[in-house]
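Pasting model_14.pdb here (PDB, C-alpha atoms and all ligand atoms):
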```pdb
ATOM      1  CA  MET A  11     211.390   8.238 -19.975  1.00  0.00           C
ATOM      2  CA  ARG A  12     208.962  10.813 -18.592  1.00  0.00           C
ATOM      3  CA  TYR A  13     208.507  11.693 -14.934  1.00  0.00           C
ATOM      4  CA  ILE A  14     205.930   9.921 -12.818  1.00  0.00           C
ATOM      5  CA  THR A  15     204.508  12.585 -10.519  1.00  0.00           C
ATOM      6  CA  PHE A  16     203.214  11.907  -6.999  1.00  0.00           C
ATOM      7  CA  ALA A  17     200.872  14.291  -5.154  1.00  0.00           C
ATOM      8  CA  LEU A  18     200.933  13.734  -1.417  1.00  0.00           C
ATOM      9  CA  ALA A  19     198.504  15.149   1.125  1.00  0.00           C
ATOM     10  CA  LYS A  20     200.479  17.465   3.402  1.00  0.00           C
ATOM     11  CA  GLY A  21     201.064  16.476   7.002  1.00  0.00           C
ATOM     12  CA  ARG A  22     201.304  13.231   8.919  1.00  0.00           C
ATOM     13  CA  LEU A  23     200.118  11.182   5.989  1.00  0.00           C
ATOM     14  CA  ALA A  24     202.864  12.447   3.661  1.00  0.00           C
ATOM     15  CA  LYS A  25     205.559  11.368   6.091  1.00  0.00           C
ATOM     16  CA  LYS A  26     204.117   7.876   6.455  1.00  0.00           C
ATOM     17  CA  ALA A  27     203.573   7.590   2.702  1.00  0.00           C
ATOM     18  CA  MET A  28     207.177   8.596   1.958  1.00  0.00           C
ATOM     19  CA  GLU A  29     208.399   5.988   4.451  1.00  0.00           C
ATOM     20  CA  MET A  30     206.432   3.318   2.603  1.00  0.00           C
ATOM     21  CA  LEU A  31     207.631   4.511  -0.803  1.00  0.00           C
ATOM     22  CA  GLU A  32     211.179   4.446   0.504  1.00  0.00           C
ATOM     23  CA  ARG A  33     210.765   0.795   1.479  1.00  0.00           C
ATOM     24  CA  ILE A  34     209.989  -0.043  -2.148  1.00  0.00           C
ATOM     25  CA  GLY A  35     212.991   1.936  -3.382  1.00  0.00           C
ATOM     26  CA  ILE A  36     211.236   5.179  -4.294  1.00  0.00           C
ATOM     27  CA  THR A  37     213.272   7.775  -2.484  1.00  0.00           C
ATOM     28  CA  CYS A  38     213.574  11.536  -2.467  1.00  0.00           C
ATOM     29  CA  GLU A  39     216.404  12.982  -0.411  1.00  0.00           C
ATOM     30  CA  GLU A  40     215.443  16.612  -1.127  1.00  0.00           C
ATOM     31  CA  MET A  41     212.106  16.129   0.543  1.00  0.00           C
ATOM     32  CA  LYS A  42     213.550  15.217   3.923  1.00  0.00           C
ATOM     33  CA  ASP A  43     214.661  18.802   4.598  1.00  0.00           C
ATOM     34  CA  GLU A  44     211.835  19.996   6.840  1.00  0.00           C
ATOM     35  CA  ASN A  45     212.767  23.666   6.544  1.00  0.00           C
ATOM     36  CA  THR A  46     212.558  23.926   2.783  1.00  0.00           C
ATOM     37  CA  ARG A  47     209.929  26.089   1.113  1.00  0.00           C
ATOM     38  CA  LYS A  48     210.320  24.214  -2.143  1.00  0.00           C
ATOM     39  CA  LEU A  49     207.070  22.866  -3.522  1.00  0.00           C
ATOM     40  CA  ILE A  50     208.301  20.182  -5.879  1.00  0.00           C
ATOM     41  CA  PHE A  51     210.975  17.545  -5.383  1.00  0.00           C
ATOM     42  CA  VAL A  52     212.673  15.425  -7.987  1.00  0.00           C
ATOM     43  CA  ASN A  53     214.474  12.105  -8.123  1.00  0.00           C
ATOM     44  CA  GLU A  54     216.312  12.568 -11.427  1.00  0.00           C
ATOM     45  CA  GLU A  55     217.744   9.102 -11.508  1.00  0.00           C
ATOM     46  CA  LEU A  56     214.441   7.264 -11.137  1.00  0.00           C
ATOM     47  CA  LYS A  57     212.408   9.941 -12.942  1.00  0.00           C
ATOM     48  CA  PHE A  58     209.977  10.584 -10.120  1.00  0.00           C
ATOM     49  CA  ARG A  59     208.594  13.944  -9.007  1.00  0.00           C
ATOM     50  CA  PHE A  60     206.810  14.630  -5.730  1.00  0.00           C
ATOM     51  CA  PHE A  61     204.760  17.519  -4.432  1.00  0.00           C
ATOM     52  CA  LEU A  62     202.795  18.230  -1.299  1.00  0.00           C
ATOM     53  CA  ALA A  63     199.326  19.702  -1.570  1.00  0.00           C
ATOM     54  CA  LYS A  64     196.389  20.420   0.673  1.00  0.00           C
ATOM     55  CA  ALA A  65     194.610  17.088   1.102  1.00  0.00           C
ATOM     56  CA  SER A  66     191.399  18.234  -0.574  1.00  0.00           C
ATOM     57  CA  ASP A  67     193.370  19.330  -3.662  1.00  0.00           C
ATOM     58  CA  VAL A  68     195.135  15.989  -4.188  1.00  0.00           C
ATOM     59  CA  PRO A  69     192.197  14.306  -6.011  1.00  0.00           C
ATOM     60  CA  THR A  70     191.937  17.376  -8.268  1.00  0.00           C
ATOM     61  CA  TYR A  71     195.600  17.204  -9.300  1.00  0.00           C
ATOM     62  CA  VAL A  72     195.238  13.497 -10.003  1.00  0.00           C
ATOM     63  CA  GLU A  73     191.966  13.709 -11.930  1.00  0.00           C
ATOM     64  CA  TYR A  74     193.442  16.331 -14.265  1.00  0.00           C
ATOM     65  CA  GLY A  75     196.678  14.370 -14.694  1.00  0.00           C
ATOM     66  CA  ALA A  76     198.896  17.051 -13.112  1.00  0.00           C
ATOM     67  CA  ALA A  77     199.898  14.180 -10.849  1.00  0.00           C
ATOM     68  CA  ASP A  78     199.869  10.553 -11.987  1.00  0.00           C
ATOM     69  CA  ILE A  79     199.557   9.157  -8.485  1.00  0.00           C
ATOM     70  CA  GLY A  80     198.080  10.622  -5.322  1.00  0.00           C
ATOM     71  CA  ILE A  81     198.222   9.557  -1.716  1.00  0.00           C
ATOM     72  CA  VAL A  82     195.339  10.899   0.311  1.00  0.00           C
ATOM     73  CA  GLY A  83     192.759   9.919   2.923  1.00  0.00           C
ATOM     74  CA  LYS A  84     189.627   8.027   1.950  1.00  0.00           C
ATOM     75  CA  ASP A  85     187.613  10.828   3.603  1.00  0.00           C
ATOM     76  CA  THR A  86     188.918  13.297   1.033  1.00  0.00           C
ATOM     77  CA  ILE A  87     188.418  10.854  -1.851  1.00  0.00           C
ATOM     78  CA  LEU A  88     184.763  10.354  -0.881  1.00  0.00           C
ATOM     79  CA  GLU A  89     184.154  14.044  -0.301  1.00  0.00           C
ATOM     80  CA  GLU A  90     185.729  15.197  -3.571  1.00  0.00           C
ATOM     81  CA  GLY A  91     184.080  12.513  -5.736  1.00  0.00           C
ATOM     82  CA  ARG A  92     186.649  12.767  -8.538  1.00  0.00           C
ATOM     83  CA  ASP A  93     187.132  10.302 -11.387  1.00  0.00           C
ATOM     84  CA  LEU A  94     190.142   8.303 -10.247  1.00  0.00           C
ATOM     85  CA  TYR A  95     191.269   4.748  -9.785  1.00  0.00           C
ATOM     86  CA  GLU A  96     191.707   3.878  -6.117  1.00  0.00           C
ATOM     87  CA  VAL A  97     194.353   1.175  -6.255  1.00  0.00           C
ATOM     88  CA  TYR A  98     195.787   0.558  -2.813  1.00  0.00           C
ATOM     89  CA  ASP A  99     194.987   0.920   0.872  1.00  0.00           C
ATOM     90  CA  LEU A 100     198.182   1.924   2.660  1.00  0.00           C
ATOM     91  CA  GLY A 101     196.683   0.807   5.968  1.00  0.00           C
ATOM     92  CA  VAL A 102     197.965   3.911   7.736  1.00  0.00           C
ATOM     93  CA  GLY A 103     195.969   6.784   9.170  1.00  0.00           C
ATOM     94  CA  LYS A 104     193.180   4.409  10.124  1.00  0.00           C
ATOM     95  CA  CYS A 105     190.107   6.077  11.569  1.00  0.00           C
ATOM     96  CA  ARG A 106     186.324   6.155  11.122  1.00  0.00           C
ATOM     97  CA  MET A 107     183.784   8.600   9.741  1.00  0.00           C
ATOM     98  CA  CYS A 108     180.969   8.794  12.274  1.00  0.00           C
ATOM     99  CA  VAL A 109     177.782  10.561  13.169  1.00  0.00           C
ATOM    100  CA  CYS A 110     178.464  11.995  16.620  1.00  0.00           C
ATOM    101  CA  GLY A 111     176.618  14.058  19.153  1.00  0.00           C
ATOM    102  CA  PRO A 112     175.340  13.995  22.699  1.00  0.00           C
ATOM    103  CA  GLU A 113     173.683  10.714  23.698  1.00  0.00           C
ATOM    104  CA  SER A 114     170.366  12.605  23.771  1.00  0.00           C
ATOM    105  CA  ALA A 115     170.574  13.148  19.990  1.00  0.00           C
ATOM    106  CA  ARG A 116     170.344   9.408  19.288  1.00  0.00           C
ATOM    107  CA  ALA A 117     166.554   9.601  19.332  1.00  0.00           C
ATOM    108  CA  LEU A 118     166.651  12.114  16.460  1.00  0.00           C
ATOM    109  CA  LEU A 119     168.348   9.707  14.049  1.00  0.00           C
ATOM    110  CA  GLY A 120     166.330   7.531  11.750  1.00  0.00           C
ATOM    111  CA  GLY A 121     163.063   9.318  12.256  1.00  0.00           C
ATOM    112  CA  HIS A 122     161.582  12.120  10.255  1.00  0.00           C
ATOM    113  CA  GLU A 123     163.042  14.948  12.327  1.00  0.00           C
ATOM    114  CA  LEU A 124     164.595  17.651  10.184  1.00  0.00           C
ATOM    115  CA  ILE A 125     167.798  17.912  12.194  1.00  0.00           C
ATOM    116  CA  ARG A 126     170.896  19.976  11.478  1.00  0.00           C
ATOM    117  CA  VAL A 127     174.153  18.151  10.738  1.00  0.00           C
ATOM    118  CA  ALA A 128     177.446  20.063  10.873  1.00  0.00           C
ATOM    119  CA  SER A 129     180.460  18.688   9.019  1.00  0.00           C
ATOM    120  CA  LYS A 130     183.699  19.439   7.210  1.00  0.00           C
ATOM    121  CA  TYR A 131     182.420  16.763   4.821  1.00  0.00           C
ATOM    122  CA  PRO A 132     179.046  17.994   3.500  1.00  0.00           C
ATOM    123  CA  HIS A 133     178.942  15.537   0.594  1.00  0.00           C
ATOM    124  CA  ILE A 134     179.670  12.515   2.777  1.00  0.00           C
ATOM    125  CA  ALA A 135     177.134  13.725   5.353  1.00  0.00           C
ATOM    126  CA  LYS A 136     174.490  14.347   2.718  1.00  0.00           C
ATOM    127  CA  ASP A 137     175.076  11.021   0.993  1.00  0.00           C
ATOM    128  CA  TYR A 138     174.812   9.153   4.283  1.00  0.00           C
ATOM    129  CA  PHE A 139     171.631  10.825   5.506  1.00  0.00           C
ATOM    130  CA  TYR A 140     169.839  10.966   2.148  1.00  0.00           C
ATOM    131  CA  ASN A 141     170.918   7.732   0.489  1.00  0.00           C
ATOM    132  CA  VAL A 142     171.639   5.399   3.387  1.00  0.00           C
ATOM    133  CA  LYS A 143     169.281   6.585   6.123  1.00  0.00           C
ATOM    134  CA  HIS A 144     166.666   8.251   3.911  1.00  0.00           C
ATOM    135  CA  GLN A 145     166.396  11.090   6.397  1.00  0.00           C
ATOM    136  CA  THR A 146     166.053  14.665   5.187  1.00  0.00           C
ATOM    137  CA  VAL A 147     168.468  16.881   7.116  1.00  0.00           C
ATOM    138  CA  GLU A 148     170.005  20.331   6.881  1.00  0.00           C
ATOM    139  CA  ILE A 149     173.747  20.141   6.275  1.00  0.00           C
ATOM    140  CA  ILE A 150     175.913  22.934   7.667  1.00  0.00           C
ATOM    141  CA  LYS A 151     179.465  23.109   6.283  1.00  0.00           C
ATOM    142  CA  LEU A 152     182.205  23.901   8.811  1.00  0.00           C
ATOM    143  CA  ASN A 153     185.976  24.032   8.393  1.00  0.00           C
ATOM    144  CA  GLY A 154     187.297  22.676  11.678  1.00  0.00           C
ATOM    145  CA  SER A 155     186.657  22.047  15.382  1.00  0.00           C
ATOM    146  CA  VAL A 156     183.332  20.579  14.307  1.00  0.00           C
ATOM    147  CA  GLU A 157     182.718  19.164  17.804  1.00  0.00           C
ATOM    148  CA  LEU A 158     181.789  22.682  18.869  1.00  0.00           C
ATOM    149  CA  ALA A 159     178.605  22.651  16.797  1.00  0.00           C
ATOM    150  CA  PRO A 160     176.407  20.429  18.991  1.00  0.00           C
ATOM    151  CA  ILE A 161     177.874  21.963  22.155  1.00  0.00           C
ATOM    152  CA  VAL A 162     176.870  25.507  21.274  1.00  0.00           C
ATOM    153  CA  GLY A 163     173.622  24.538  19.555  1.00  0.00           C
ATOM    154  CA  LEU A 164     174.556  25.065  15.909  1.00  0.00           C
ATOM    155  CA  SER A 165     173.523  21.508  15.067  1.00  0.00           C
ATOM    156  CA  GLU A 166     172.079  18.430  16.724  1.00  0.00           C
ATOM    157  CA  VAL A 167     174.812  16.103  15.423  1.00  0.00           C
ATOM    158  CA  ILE A 168     178.052  16.168  13.430  1.00  0.00           C
ATOM    159  CA  VAL A 169     179.612  13.912  10.808  1.00  0.00           C
ATOM    160  CA  ASP A 170     183.320  13.812  11.553  1.00  0.00           C
ATOM    161  CA  ILE A 171     186.464  11.736  11.798  1.00  0.00           C
ATOM    162  CA  VAL A 172     187.002   9.757  14.991  1.00  0.00           C
ATOM    163  CA  GLU A 173     190.457   8.389  15.607  1.00  0.00           C
ATOM    164  CA  THR A 174     191.086   7.823  19.316  1.00  0.00           C
ATOM    165  CA  GLY A 175     187.746   9.262  20.448  1.00  0.00           C
ATOM    166  CA  THR A 176     189.509  11.671  22.807  1.00  0.00           C
ATOM    167  CA  THR A 177     188.028  14.833  21.296  1.00  0.00           C
ATOM    168  CA  LEU A 178     184.510  13.433  21.659  1.00  0.00           C
ATOM    169  CA  ARG A 179     185.079  12.189  25.202  1.00  0.00           C
ATOM    170  CA  GLU A 180     186.545  15.450  26.403  1.00  0.00           C
ATOM    171  CA  ASN A 181     183.536  17.317  25.066  1.00  0.00           C
ATOM    172  CA  GLY A 182     180.732  15.106  26.333  1.00  0.00           C
ATOM    173  CA  LEU A 183     179.950  13.689  22.883  1.00  0.00           C
ATOM    174  CA  THR A 184     179.777  10.130  21.625  1.00  0.00           C
ATOM    175  CA  VAL A 185     179.699   8.073  18.438  1.00  0.00           C
ATOM    176  CA  LEU A 186     176.045   7.564  17.488  1.00  0.00           C
ATOM    177  CA  GLU A 187     176.514   5.794  14.133  1.00  0.00           C
ATOM    178  CA  GLU A 188     179.409   4.700  11.945  1.00  0.00           C
ATOM    179  CA  VAL A 189     179.456   5.905   8.355  1.00  0.00           C
ATOM    180  CA  CYS A 190     182.602   4.126   7.082  1.00  0.00           C
ATOM    181  CA  ASP A 191     186.187   3.126   7.767  1.00  0.00           C
ATOM    182  CA  LEU A 192     188.944   5.439   6.572  1.00  0.00           C
ATOM    183  CA  SER A 193     192.666   5.189   5.853  1.00  0.00           C
ATOM    184  CA  ALA A 194     195.237   6.516   3.398  1.00  0.00           C
ATOM    185  CA  ARG A 195     194.746   5.352  -0.181  1.00  0.00           C
ATOM    186  CA  MET A 196     196.783   5.456  -3.362  1.00  0.00           C
ATOM    187  CA  VAL A 197     194.859   6.871  -6.317  1.00  0.00           C
ATOM    188  CA  VAL A 198     195.881   6.924  -9.972  1.00  0.00           C
ATOM    189  CA  ASN A 199     194.925   9.120 -12.914  1.00  0.00           C
ATOM    190  CA  GLN A 200     192.868   7.115 -15.394  1.00  0.00           C
ATOM    191  CA  VAL A 201     194.938   8.034 -18.454  1.00  0.00           C
ATOM    192  CA  SER A 202     198.270   7.525 -16.648  1.00  0.00           C
ATOM    193  CA  MET A 203     197.115   4.036 -15.702  1.00  0.00           C
ATOM    194  CA  LYS A 204     196.975   3.194 -19.409  1.00  0.00           C
ATOM    195  CA  MET A 205     199.927   5.218 -20.713  1.00  0.00           C
ATOM    196  CA  GLU A 206     202.351   4.333 -17.913  1.00  0.00           C
ATOM    197  CA  ASN A 207     200.862   0.988 -17.019  1.00  0.00           C
ATOM    198  CA  ALA A 208     204.129  -0.924 -16.570  1.00  0.00           C
ATOM    199  CA  ARG A 209     205.731   1.579 -14.191  1.00  0.00           C
ATOM    200  CA  ILE A 210     202.557   2.235 -12.194  1.00  0.00           C
ATOM    201  CA  THR A 211     201.661  -1.459 -11.919  1.00  0.00           C
ATOM    202  CA  GLU A 212     205.157  -2.160 -10.637  1.00  0.00           C
ATOM    203  CA  ILE A 213     204.712   0.464  -7.911  1.00  0.00           C
ATOM    204  CA  ILE A 214     201.317  -0.955  -6.884  1.00  0.00           C
ATOM    205  CA  ASP A 215     202.626  -4.538  -6.843  1.00  0.00           C
ATOM    206  CA  LYS A 216     205.592  -3.563  -4.679  1.00  0.00           C
ATOM    207  CA  MET A 217     203.318  -1.679  -2.276  1.00  0.00           C
ATOM    208  CA  ARG A 218     201.009  -4.705  -2.025  1.00  0.00           C
ATOM    209  CA  ALA A 219     203.979  -6.981  -1.314  1.00  0.00           C
ATOM    210  CA  LEU A 220     204.898  -4.775   1.662  1.00  0.00           C
ATOM    211  CA  ASP A 221     201.930  -6.072   3.626  1.00  0.00           C
ATOM    212  CA  LYS A 222     203.156  -9.626   3.800  1.00  0.00           C
TER
HETATM  213  C1  LIG B   1     190.195  15.602  13.603  1.00  0.00           C
HETATM  214  C2  LIG B   1     188.708  15.318  13.627  1.00  0.00           C
HETATM  215  C3  LIG B   1     188.387  15.272  15.086  1.00  0.00           C
HETATM  216  C4  LIG B   1     189.659  14.694  15.703  1.00  0.00           C
HETATM  217  C5  LIG B   1     189.470  13.234  15.971  1.00  0.00           C
HETATM  218  O1  LIG B   1     190.367  16.955  13.716  1.00  0.00           O
HETATM  219  O2  LIG B   1     187.982  16.297  12.937  1.00  0.00           O
HETATM  220  O3  LIG B   1     188.137  16.560  15.589  1.00  0.00           O
HETATM  221  O4  LIG B   1     190.694  14.880  14.725  1.00  0.00           O
HETATM  222  O5  LIG B   1     190.556  12.651  16.625  1.00  0.00           O
HETATM  223  P1  LIG B   1     190.428  11.870  18.007  1.00  0.00           P
HETATM  224  O6  LIG B   1     189.281  10.911  17.892  1.00  0.00           O
HETATM  225  O7  LIG B   1     191.745  11.142  18.130  1.00  0.00           O
HETATM  226  O8  LIG B   1     190.220  12.876  19.112  1.00  0.00           O
HETATM  227  P2  LIG B   1     191.756  17.678  13.406  1.00  0.00           P
HETATM  228  O9  LIG B   1     192.659  17.529  14.586  1.00  0.00           O
HETATM  229  O10 LIG B   1     192.293  17.172  12.121  1.00  0.00           O
HETATM  230  O11 LIG B   1     191.409  19.222  13.262  1.00  0.00           O
HETATM  231  P3  LIG B   1     190.081  20.077  13.063  1.00  0.00           P
HETATM  232  O12 LIG B   1     189.346  20.064  14.369  1.00  0.00           O
HETATM  233  O13 LIG B   1     190.551  21.424  12.699  1.00  0.00           O
HETATM  234  O14 LIG B   1     189.280  19.434  11.973  1.00  0.00           O
END
```
Starting from the file, lay out its structure as structure tokens.
Amino acid sequence: MRYITFALAKGRLAKKAMEMLERIGITCEEMKDENTRKLIFVNEELKFRFFLAKASDVPTYVEYGAADIGIVGKDTILEEGRDLYEVYDLGVGKCRMCVCGPESARALLGGHELIRVASKYPHIAKDYFYNVKHQTVEIIKLNGSVELAPIVGLSEVIVDIVETGTTLRENGLTVLEEVCDLSARMVVNQVSMKMENARITEIIDKMRALDK
């Protein structure tokens, strides 16, 4: 039997994902050591391998089959646009992708103003403005603390993740429009889905049964 390899997005999500996998009997003791610098963890008995990767790299590993299964946020899945099967919504890490800015920027949305939109998610931002709103905008890619952009005048609005809304509130910004709901998803390599169908289907079925 060959290994089934899981790629998990580093951070909070990985911890929650491992807890869920543990509840369906997929465990990895090695991975619980928080001080380890090891990159790959193995459950020899069950023939599972696990590795942590930067969230934006998880869809890449899965598309190329370096991992059979990935667990990563829907934001990253949409932004990366890889060929994958999205098979399960873990229901954790729930948040929303939104267009945000000062209340005064609301008037600039939906018209023909060529506004600037800052985002860590340029593809999602572009898709939303061009294909949903049919508004031509200039997208500016940032890598973090995106809320700064409208405050210092880099852009009129941002497209970013809103979870509690605290970051917006504390910076005098607000949700202007919702783009989509987000949460952690399980994705599967398209070839693995065929070649390892029995084992992967069993994992998906057990995950789905957790909800009830
Ligand atoms: C995310 C996101 C928002 C914030 C939203 O940033 O980009 O800034 O969290 O959460 P809230 O609605 O609960 O305030 P993250 O902390 O991941 O870091 P970043 O600013 O470097 O992107």
- Item | Test item: residues at most 12 Å from Ser66 (chain A), all atoms listed in the file, excluding those fewer than 2 positions along its chain, as a list in words |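 These residues fall inside the cut-off: Ala17, Leu18, Ala19, Lys20, Leu62, Ala63, Lys64, Val68, Pro69, Thr70, Tyr71, Val72, Gly80, Ile81, Val82, Gly83, Lys84, Asp85, Thr86, Ile87, Leu88, Glu89, Glu90, Gly91, Arg92, Lys130, Tyr131 and Asn153 of chain A.
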- Task: Give the residues close to ligand LIG 1 (chain B), within 6 Å, counting all atoms listed in the file; write them as an MDAnalysis selection string.
- Result: chainID A and resid 154:155 170:177
- Message: Applying the PyMOL selection byres (((chain A and resi 166) around 8) and not hetatm) to the file I just gave you, which residues come out? Please list them as a list in words.
- Response: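 This file, filtered by the PyMOL selection byres (((chain A and resi 166) around 8) and not hetatm), leaves Gly111, Ala115, Ile125, Arg126, Val127, Ala159, Pro160, Gly163, Leu164, Ser165, Val167 and Ile168 of chain A.
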- I would like the residues chosen by the PyMOL selection byres (((chain A and resi 95) around 7) and not hetatm) on the shown file; could you give them as a VMD selection string? chain A and resid 94 96 to 97 197 to 200
- Query: Restricting the calculation to only C-alpha atoms, which member of A:Ile214, A:Ala77, A:Val102, A:Val169 is positioned closest to Ile14 (chain A)?
  - Reply: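 Ranked by minimum distance to Ile14 (chain A), first place goes to A:Ala77.
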- Item | Explicit residue set for the PyMOL selection byres (((chain A and resi 35) around 12) and not hetatm), as a list of chain:residue names |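 Checked against the file, the PyMOL selection byres (((chain A and resi 35) around 12) and not hetatm) matches A:Met28, A:Glu29, A:Met30, A:Leu31, A:Glu32, A:Arg33, A:Ile34, A:Ile36, A:Thr37, A:Cys38, A:Glu39, A:Asn53, A:Glu55, A:Leu56, A:Phe58, A:Glu212, A:Ile213, A:Lys216, A:Met217, A:Leu220.
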- Counting all atoms listed in the file, figure out which residue out of A:Asp215, A:Gly121, A:Glu148, A:Ile79 gets nearest to His133 (chain A).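 Comparing A:Asp215, A:Gly121, A:Glu148, A:Ile79 against His133 (chain A), the winner is A:Glu148.
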- Near region 181-191 of chain A, counting all atoms listed in the file, which residues have an atom at most 7 Å away, once you skip same-chain residues fewer than 3 positions from it, shown as a list of chain:residue names?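 Using all atoms listed in the file, the neighbours found are A:Cys105, A:Arg106, A:Met107, A:Cys108, A:Val109, A:Cys110, A:Gly111, A:Pro112, A:Glu113, A:Arg116, A:Tyr138, A:Thr177, A:Leu178.
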- Message: What does the structure give for the distance between CA of Ala128 (chain A) and CA of Ile149 (chain A), in Å to one decimal?
- Response: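 Computing the Euclidean distance for CA of Ala128 (chain A) and CA of Ile149 (chain A) yields 5.9 Å.
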- Which residue gives the smallest distance to Ala65 (chain A) among A:His144, A:Arg195, A:Lys42, A:Arg179, with only C-alpha atoms counted?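 Ranked by minimum distance to Ala65 (chain A), first place goes to A:Arg195.
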- What gap, in Å, lies between CA of Ala135 (chain A) and CA of Tyr74 (chain A)?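 Here the two named atoms are 25.6 Å from each other.
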Kindly write region 83-104 of chain A with N, CA and C atoms to a file, as a tab-separated table (two decimals), in the first residue's frame.
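This went into selection.tsv:
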```tsv
chain	number	residue	atom	x	y	z
A	83	GLY	N	-7.54	27.18	3.01
A	83	GLY	CA	-8.67	28.11	2.97
A	83	GLY	C	-9.22	28.31	1.56
A	84	LYS	N	-10.52	28.55	1.50
A	84	LYS	CA	-11.17	28.80	0.21
A	84	LYS	C	-10.58	30.04	-0.47
A	85	ASP	N	-10.13	31.01	0.32
A	85	ASP	CA	-9.50	32.21	-0.23
A	85	ASP	C	-8.30	31.83	-1.11
A	86	THR	N	-7.48	30.94	-0.57
A	86	THR	CA	-6.28	30.51	-1.30
A	86	THR	C	-6.65	29.69	-2.53
A	87	ILE	N	-7.67	28.84	-2.40
A	87	ILE	CA	-8.12	28.01	-3.53
A	87	ILE	C	-8.57	28.92	-4.67
A	88	LEU	N	-9.38	29.92	-4.35
A	88	LEU	CA	-9.87	30.85	-5.38
A	88	LEU	C	-8.72	31.64	-5.99
A	89	GLU	N	-7.82	32.10	-5.15
A	89	GLU	CA	-6.73	32.94	-5.65
A	89	GLU	C	-5.79	32.16	-6.56
A	90	GLU	N	-5.49	30.92	-6.18
A	90	GLU	CA	-4.52	30.12	-6.94
A	90	GLU	C	-5.10	29.53	-8.22
A	91	GLY	N	-6.40	29.27	-8.23
A	91	GLY	CA	-7.07	28.77	-9.44
A	91	GLY	C	-6.47	27.50	-10.02
A	92	ARG	N	-6.10	26.57	-9.17
A	92	ARG	CA	-5.49	25.31	-9.63
A	92	ARG	C	-6.56	24.29	-10.02
A	93	ASP	N	-6.14	23.28	-10.78
A	93	ASP	CA	-7.06	22.19	-11.14
A	93	ASP	C	-7.08	21.17	-10.01
A	94	LEU	N	-8.14	21.18	-9.25
A	94	LEU	CA	-8.26	20.31	-8.07
A	94	LEU	C	-9.72	19.93	-7.91
A	95	TYR	N	-9.97	18.89	-7.15
A	95	TYR	CA	-11.34	18.64	-6.71
A	95	TYR	C	-11.47	19.21	-5.30
A	96	GLU	N	-12.48	20.05	-5.09
A	96	GLU	CA	-12.77	20.53	-3.74
A	96	GLU	C	-13.86	19.62	-3.21
A	97	VAL	N	-13.55	18.84	-2.17
A	97	VAL	CA	-14.47	17.77	-1.79
A	97	VAL	C	-15.21	17.97	-0.48
A	98	TYR	N	-14.69	18.85	0.37
A	98	TYR	CA	-15.32	18.96	1.69
A	98	TYR	C	-15.04	20.30	2.35
A	99	ASP	N	-16.09	20.84	2.96
A	99	ASP	CA	-15.98	22.09	3.71
A	99	ASP	C	-15.84	21.73	5.19
A	100	LEU	N	-14.69	21.99	5.77
A	100	LEU	CA	-14.46	21.60	7.16
A	100	LEU	C	-15.28	22.44	8.13
A	101	GLY	N	-15.78	23.56	7.66
A	101	GLY	CA	-16.62	24.41	8.52
A	101	GLY	C	-15.85	25.14	9.60
A	102	VAL	N	-14.53	25.11	9.50
A	102	VAL	CA	-13.71	25.88	10.45
A	102	VAL	C	-13.03	27.02	9.70
A	103	GLY	N	-12.56	28.00	10.48
A	103	GLY	CA	-11.92	29.15	9.86
A	103	GLY	C	-12.89	29.97	9.03
A	104	LYS	N	-14.13	30.04	9.51
A	104	LYS	CA	-15.16	30.76	8.74
A	104	LYS	C	-14.91	32.26	8.76
```
